[in-house]
2 protein chains.
Amino acid sequence: MKSILIFGAGRSSHMLIQYLTEHARQFRWKIIVADSGEKYKGENAAVDYRKVDVTDEPARDMEVSEADLVISMLPARFHPLVALSCVKFSKNLFTASYESKELKAFEDEVNQKGLFFLNECGLDPGLDHMSAMKLIDRIKFEGHDLQSFESFTGGLVAPESDSNPWHYKFSWNPRNVVLAGQDGPAKFIQNGKYKYIPYNRLFRRTELIDIENYGLFEGYANRDSLKYIEKYNLQGIPTIYRGTLRRPGFCRAWNVFVQLGATDDSYEMENTENMTHREFINSFLYYHPTDSVELKLYHYMHIDQDSDIIQKLKWLGIFSKTKIGLKKATPAQIMEHILKHKWQLLPGEKDMVVMWHKFTYREKNTGNPMQLTSSLVVTGENDIHTAMAKTVGLPLAVAVKLFLTGKINLTGMHIPTDRLIYEPVLAELEQQGIGFLEKLEEEKPEE
Amino acid sequence: MKSILIFGAGRSSHMLIQYLTEHARQFRWKIIVADSGEKYKGENAAVDYRKVDVTDEPARDMEVSEADLVISMLPARFHPLVALSCVKFSKNLFTASYESKELKAFEDEVNQKGLFFLNECGLDPGLDHMSAMKLIDRIKFEGHDLQSFESFTGGLVAPESDSNPWHYKFSWNPRNVVLAGQDGPAKFIQNGKYKYIPYNRLFRRTELIDIENYGLFEGYANRDSLKYIEKYNLQGIPTIYRGTLRRPGFCRAWNVFVQLGATDDSYEMENTENMTHREFINSFLYYHPTDSVELKLYHYMHIDQDSDIIQKLKWLGIFSKTKIGLKKATPAQIMEHILKHKWQLLPGEKDMVVMWHKFTYREKNTGNPMQLTSSLVVTGENDIHTAMAKTVGLPLAVAVKLFLTGKINLTGMHIPTDRLIYEPVLAELEQQGIGFLEKLEEEKPEE
């Protein structure tokens, strides 16, 4: 009997735990969930729940020492603690988070002990790596000349639950949505030229993307695309661009908050406890003895009277006299507070995850310019069984299953860009309803 | 015989040293200048020069222990080291820099030992405090009801040496000019409302200021004005705003670089060694197969073909194919590199320091709205004897003289907002040609 220890029982662990427990009897697995919460809310009877504070080393060590394999679904900053215990007791570790410097530091020990550490095996990072590498390896294998790679991912609301003018609801951490784009400029290459977009321009340089059966989306650049050149073995590629998807119109309206300074998380505002939504917005506008906050905002941001931006802003209630009620809050914290109620996924509502890759290449024999796209759309079942939880949790769960059943037979520190990982994982995910739709056509020149 | 030890022999120390040596014989002072440089470039024969690395504690201690009074003109980060030695050997300390937390930490010891530490006694901070407090104390003493306080300072080029379309040349650290405004939002109060301006809007929310005999200037908000409420005892004042002065048109054109992301100091660009000025600008613009860098920039920034911004940008040579030649540089470092040649004060050229305060109040008896302005313009003699060196160095030099001659008779940790300091210092500065021009008139309502 193999024992699987899962740190973290948050919302994104849900589908991971469900998949593993469904296979537990067949493969004789024991599933242990460790979390700092009083109770495991999933209340899955097949799970053995332990209350563990991951920063408590003896408690953490005890759990890890008894497990055969460890999964960390905790916030990324805790992974190094889990990794420390895994190395100490020679246990394999799986996460859906970026392979940070802190994790990378364990590589020598992982190799020496013949362990298997797999990071970046969720949605983004995770599915994006696997689905992209599958096509990159194929195009290279067939001998074509790769010209460009663009890739976009978005966590959105499903059309049937789309009931607001932003066409957006939260399916993951609201704070990260408010802070998106603030950790440095977006970097990418286009036709051999390095390009940099600062935060204040990020939401104005978007691209329109049409995904069959799902309509139009817009994408904005996602921080450092350059590091994927090495990650995906794309040295010398003229164009590489990664982005985030929203529905058209989102970015233009969100940009109003960026320009106001309302997404700034670097300072606390004065007197936020007694401030209203309206006063919050007014604090970023020039003083005028008689003009309304609305008028000042539209004028300051050059918003036309009939712009759809106005509808979006009003719908959020930013002009209301509702009290914020937060003590010593930053602008970003106030934005999150306003948005999390408005963009909440209500009981029964469905989210949607969209991933889209586009490759262009010159065909090996004819030299014709070809365009290969690959798209994935996953719709959630409801506000608990979300597409987000499914696409983050299942790739990791499937990788764990394949490893424990000997289908992935590797040691060392990996991310799933390796064919020996992505091939079996993608095959199993397709059976679970996570399949990509490919389309190959001759590239049309822009008109 | 009293011994005055001056740490730092940089350009801004020049006038300070000159003033002190001029008075050295009369008051029987010995002037020692300590710097890490091989040689003291001022080559003032009345000065005893010592090569000292301020981070070398025994060397620093030796110098401090032999002095009667210490002045630090080093970069602000070194002041705490100097303060440490001063406290150790019970010496008084004078600086022209902000009273940082690190300096404030010495307050108890300074009090216990009966020492006198004076910080913020240069131009800004320094002259701004003294000239503002003089008027604030007078208005309060006369019993009027203070409504607003605005204050602007600028280090500019004198009209007779103004030979470029930006109407600006460097008279202090170029790096600080490139990074201006990036250390948090501008904060102020206007008519009782807290206001915040983020960096990306800072150079678009300017105010026009007319200074008699010197023409028009524009001012942009200078980080945290709120802290001056306490500093100047202005609790309850409806409006307080501090800003930086430039000539009209500067901010609109500078904003182009801000919007591009060309002033960012947070990351290194790729391949900067072989990059040209033109490629630097292009890296912030969208890709286009045929459009020129100029055309793309004007379009991206909505700059009209006949805008004066174009002349300013072209004059800087940002479209040239000159190589930058810096290794691993940030955008801000590249900007500084381009600007420091173009905005250099050439031999014989003159700089100009401008300071302007505006107070509005209701007259005690009539209730009439009054406006009191106070302005200072100092023109440099040449590129060495600058107005900047004079206005930074003389307030400190004068304070030292007044202290050593018993005219300032205080102990403890101070900034010159105290009447016992600003009154004698301002009186002496006026004799040195640093005098403010006051103007009192009835406030005119805006049309």
# chains A, B, ... in the order shown; residues from 1 in each chain; ligands from 1

$ residues_around --residues "Leu372 in chain B" --least-positions-apart "6" --cutoff "12 Å" --atoms "only C-alpha atoms" --output "PyMOL selection string"
chain B and resi 132+135-136+138-139+144+146-151+356-363+437-444

$ write_last_selection --atoms "N, CA, C and O atoms" --output "compact mmCIF listing (two decimals), in the first residue's frame"
# COMPACT_ATOMS: atom_id res chain seq x y z
N ALA B 132 9.60 78.88 4.46
CA ALA B 132 8.17 78.60 4.67
C ALA B 132 7.78 78.84 6.13
O ALA B 132 6.77 79.51 6.41
N LEU B 135 7.12 82.43 7.21
CA LEU B 135 5.83 83.00 6.85
C LEU B 135 4.68 82.34 7.60
O LEU B 135 3.73 83.01 8.00
N ILE B 136 4.79 81.03 7.80
CA ILE B 136 3.74 80.33 8.55
C ILE B 136 3.65 80.90 9.96
O ILE B 136 2.57 81.22 10.46
N ARG B 138 4.60 83.80 10.96
CA ARG B 138 4.11 85.19 10.93
C ARG B 138 2.59 85.23 10.76
O ARG B 138 1.89 85.95 11.46
N ILE B 139 2.07 84.44 9.80
CA ILE B 139 0.62 84.42 9.55
C ILE B 139 -0.13 83.98 10.81
O ILE B 139 -1.14 84.57 11.20
N HIS B 144 -4.26 85.23 11.44
CA HIS B 144 -5.07 84.96 10.25
C HIS B 144 -5.40 83.46 10.17
O HIS B 144 -4.79 82.64 10.84
N LEU B 146 -5.19 80.36 8.06
CA LEU B 146 -4.45 79.80 6.92
C LEU B 146 -5.30 78.79 6.15
O LEU B 146 -5.88 77.87 6.72
N GLN B 147 -5.41 78.99 4.85
CA GLN B 147 -6.24 78.13 4.00
C GLN B 147 -5.44 77.16 3.15
O GLN B 147 -5.88 76.06 2.87
N SER B 148 -4.31 77.61 2.67
CA SER B 148 -3.53 76.73 1.80
C SER B 148 -2.05 77.10 1.81
O SER B 148 -1.69 78.25 2.06
N PHE B 149 -1.23 76.09 1.55
CA PHE B 149 0.21 76.29 1.42
C PHE B 149 0.70 75.45 0.26
O PHE B 149 0.50 74.24 0.21
N GLU B 150 1.30 76.14 -0.71
CA GLU B 150 1.91 75.44 -1.84
C GLU B 150 3.35 75.88 -1.93
O GLU B 150 3.66 77.05 -1.69
N SER B 151 4.22 74.96 -2.29
CA SER B 151 5.64 75.27 -2.33
C SER B 151 6.33 74.50 -3.45
O SER B 151 6.11 73.30 -3.61
N TRP B 356 9.54 78.90 -4.66
CA TRP B 356 8.33 79.71 -4.67
C TRP B 356 7.31 79.15 -3.69
O TRP B 356 7.01 77.95 -3.74
N HIS B 357 6.86 79.97 -2.77
CA HIS B 357 5.81 79.56 -1.82
C HIS B 357 4.57 80.40 -2.07
O HIS B 357 4.68 81.61 -2.34
N LYS B 358 3.44 79.78 -1.93
CA LYS B 358 2.19 80.55 -1.96
C LYS B 358 1.32 80.16 -0.76
O LYS B 358 1.06 78.97 -0.53
N PHE B 359 0.89 81.17 -0.01
CA PHE B 359 -0.04 80.96 1.11
C PHE B 359 -1.32 81.70 0.81
O PHE B 359 -1.29 82.82 0.29
N THR B 360 -2.45 81.09 1.10
CA THR B 360 -3.69 81.87 1.10
C THR B 360 -4.28 81.80 2.51
O THR B 360 -4.15 80.79 3.20
N TYR B 361 -4.87 82.91 2.93
CA TYR B 361 -5.48 82.94 4.26
C TYR B 361 -6.61 83.96 4.30
O TYR B 361 -6.69 84.83 3.43
N ARG B 362 -7.46 83.84 5.29
CA ARG B 362 -8.50 84.85 5.52
C ARG B 362 -7.97 85.84 6.54
O ARG B 362 -7.54 85.45 7.62
N GLU B 363 -8.01 87.08 6.13
CA GLU B 363 -7.48 88.14 6.98
C GLU B 363 -8.24 88.16 8.31
O GLU B 363 -9.47 88.07 8.32
N LEU B 437 11.66 87.37 -2.16
CA LEU B 437 10.82 88.50 -2.54
C LEU B 437 9.39 88.17 -2.16
O LEU B 437 8.82 87.20 -2.65
N GLU B 438 8.80 88.97 -1.28
CA GLU B 438 7.43 88.70 -0.84
C GLU B 438 6.44 89.59 -1.55
O GLU B 438 6.76 90.72 -1.92
N LYS B 439 5.23 89.07 -1.69
CA LYS B 439 4.17 89.85 -2.33
C LYS B 439 2.85 89.47 -1.69
O LYS B 439 2.48 88.29 -1.66
N LEU B 440 2.15 90.47 -1.17
CA LEU B 440 0.86 90.23 -0.52
C LEU B 440 -0.23 90.90 -1.33
O LEU B 440 -0.12 92.09 -1.66
N GLU B 441 -1.26 90.16 -1.69
CA GLU B 441 -2.36 90.78 -2.45
C GLU B 441 -3.66 90.07 -2.12
O GLU B 441 -3.66 88.99 -1.55
N GLU B 442 -4.75 90.71 -2.50
CA GLU B 442 -6.03 90.05 -2.28
C GLU B 442 -6.15 88.91 -3.29
O GLU B 442 -5.75 89.04 -4.44
N GLU B 443 -6.65 87.79 -2.83
CA GLU B 443 -6.74 86.62 -3.71
C GLU B 443 -7.79 86.86 -4.78
O GLU B 443 -8.92 87.26 -4.48
N LYS B 444 -7.39 86.60 -6.03
CA LYS B 444 -8.34 86.75 -7.13
C LYS B 444 -9.00 85.41 -7.39
O LYS B 444 -8.32 84.39 -7.50

$ residues_around --residues "Ser225 in chain A" --least-positions-apart "3" --cutoff "7 Å" --atoms "only C-alpha atoms" --output "list in words"
Lys187, Phe188, Tyr228, Ile240, Tyr241 and Arg242 of chain A

$ closest_atom_pairs --of "chain A" --to "chain B" --cutoff "10 Å" --atoms "only C-alpha atoms" --output "tab-separated table"
residue	atom	partner	partner_atom	distance
A:Asp183	CA	B:Ser266	CA	9.6
A:Gly184	CA	B:Ser266	CA	7.2
A:Pro185	CA	B:Gly261	CA	8.2
A:Lys187	CA	B:Met269	CA	9.3
A:Phe188	CA	B:Ser283	CA	9.8
A:Ile189	CA	B:Ser283	CA	9.4
A:Gln190	CA	B:Tyr287	CA	6.6
A:Asn191	CA	B:Tyr287	CA	7.7
A:Gly192	CA	B:Tyr287	CA	9.8
A:Lys193	CA	B:Ser283	CA	7.1
A:Tyr194	CA	B:Ser283	CA	5.8
A:Lys195	CA	B:Ser283	CA	4.6
A:Tyr196	CA	B:Phe284	CA	5.2
A:Ile197	CA	B:Phe284	CA	6.1
A:Pro198	CA	B:Gly261	CA	5.1
A:Tyr199	CA	B:Gly261	CA	8.3
A:Asn200	CA	B:Asn200	CA	6.6
A:Arg201	CA	B:Gln259	CA	7.2
A:Arg205	CA	B:Tyr286	CA	8.3
A:Leu226	CA	B:Glu270	CA	10.0
A:Val258	CA	B:Asn200	CA	9.2
A:Gln259	CA	B:Asn200	CA	6.9
A:Leu260	CA	B:Pro198	CA	6.9
A:Gly261	CA	B:Pro198	CA	5.2
A:Ala262	CA	B:Pro198	CA	8.8
A:Asp264	CA	B:Pro198	CA	8.3
A:Ser266	CA	B:Gly184	CA	7.2
A:Tyr267	CA	B:Gly184	CA	7.5
A:Met269	CA	B:Tyr196	CA	8.7
A:Glu270	CA	B:Tyr194	CA	7.4
A:Asn271	CA	B:Tyr194	CA	9.2
A:Glu279	CA	B:Lys193	CA	8.8
A:Phe280	CA	B:Lys195	CA	9.6
A:Ile281	CA	B:Lys195	CA	9.9
A:Asn282	CA	B:Lys195	CA	7.9
A:Ser283	CA	B:Lys195	CA	4.6
A:Phe284	CA	B:Tyr196	CA	5.2
A:Leu285	CA	B:Lys195	CA	7.1
A:Tyr286	CA	B:Lys195	CA	7.6
A:Tyr287	CA	B:Gln190	CA	6.6
A:His288	CA	B:Asn191	CA	9.2
A:Pro289	CA	B:Asn191	CA	8.8

$ residues_around --residues "Leu313 in chain A" --least-positions-apart "5" --cutoff "12 Å" --atoms "only C-alpha atoms" --output "PyMOL selection string"
chain A and resi 164-166+249-250+252-257+277-278+281+294+297-298+303+307-308+318-320+338-339+342

$ residues_around --residues "Met62 in chain B" --least-positions-apart "2" --cutoff "12 Å" --atoms "only C-alpha atoms" --output "PyMOL selection string"
chain B and resi 5+34+50+52-54+56-60+64-67+82+85-86+88-89

$ write_last_selection --atoms "N, CA, C and O atoms" --output "short mmCIF file (atom, residue, chain, number, x, y, z; two decimals), in the first residue's frame"
data_model
loop_
_atom_site.label_atom_id
_atom_site.label_comp_id
_atom_site.auth_asym_id
_atom_site.auth_seq_id
_atom_site.Cartn_x
_atom_site.Cartn_y
_atom_site.Cartn_z
N LEU B 5 35.44 69.58 10.77
CA LEU B 5 35.72 68.46 9.86
C LEU B 5 34.58 68.29 8.87
O LEU B 5 33.43 68.12 9.27
N ALA B 34 37.68 65.77 4.53
CA ALA B 34 37.99 64.34 4.41
C ALA B 34 37.17 63.74 3.29
O ALA B 34 35.96 63.90 3.24
N ARG B 50 42.44 65.42 3.97
CA ARG B 50 42.75 64.05 4.41
C ARG B 50 42.03 63.05 3.52
O ARG B 50 40.84 63.17 3.30
N VAL B 52 40.25 59.85 3.41
CA VAL B 52 39.63 58.96 4.41
C VAL B 52 38.49 58.19 3.74
O VAL B 52 37.65 58.78 3.08
N ASP B 53 38.48 56.89 3.94
CA ASP B 53 37.34 56.08 3.53
C ASP B 53 36.38 56.05 4.72
O ASP B 53 36.69 55.49 5.76
N VAL B 54 35.21 56.65 4.54
CA VAL B 54 34.29 56.83 5.68
C VAL B 54 33.81 55.51 6.26
O VAL B 54 33.39 55.43 7.41
N ASP B 56 35.70 53.06 6.83
CA ASP B 56 36.81 52.54 7.63
C ASP B 56 36.69 53.17 9.03
O ASP B 56 37.08 54.32 9.26
N GLU B 57 36.15 52.41 9.96
CA GLU B 57 35.77 52.97 11.26
C GLU B 57 36.94 53.58 12.03
O GLU B 57 36.82 54.72 12.51
N PRO B 58 38.09 52.88 12.17
CA PRO B 58 39.20 53.49 12.93
C PRO B 58 39.65 54.81 12.30
O PRO B 58 39.88 55.80 13.01
N ALA B 59 39.75 54.86 10.97
CA ALA B 59 40.18 56.09 10.29
C ALA B 59 39.17 57.21 10.52
O ALA B 59 39.52 58.36 10.81
N ARG B 60 37.89 56.85 10.40
CA ARG B 60 36.82 57.83 10.59
C ARG B 60 36.83 58.34 12.04
O ARG B 60 36.76 59.54 12.30
N VAL B 64 37.19 62.19 13.49
CA VAL B 64 36.09 62.78 14.27
C VAL B 64 36.56 63.14 15.67
O VAL B 64 36.22 64.20 16.20
N SER B 65 37.38 62.27 16.27
CA SER B 65 37.80 62.50 17.65
C SER B 65 38.61 63.78 17.80
O SER B 65 38.60 64.41 18.85
N GLU B 66 39.28 64.20 16.71
CA GLU B 66 40.11 65.40 16.77
C GLU B 66 39.37 66.68 16.41
O GLU B 66 39.91 67.79 16.54
N ALA B 67 38.11 66.53 15.92
CA ALA B 67 37.35 67.71 15.47
C ALA B 67 36.49 68.28 16.59
O ALA B 67 36.24 67.62 17.60
N VAL B 82 28.83 58.43 10.08
CA VAL B 82 29.43 59.64 10.64
C VAL B 82 28.78 59.95 12.00
O VAL B 82 29.46 60.28 12.97
N SER B 85 30.19 57.89 14.89
CA SER B 85 31.46 58.40 15.44
C SER B 85 31.23 59.68 16.24
O SER B 85 31.87 59.91 17.27
N CYS B 86 30.34 60.54 15.77
CA CYS B 86 30.07 61.80 16.46
C CYS B 86 29.53 61.55 17.86
O CYS B 86 29.94 62.20 18.82
N LYS B 88 29.95 58.82 19.57
CA LYS B 88 31.01 58.16 20.34
C LYS B 88 31.96 59.19 20.98
O LYS B 88 32.34 59.06 22.15
N PHE B 89 32.33 60.22 20.21
CA PHE B 89 33.29 61.21 20.71
C PHE B 89 32.65 62.54 21.09
O PHE B 89 33.34 63.54 21.23
#
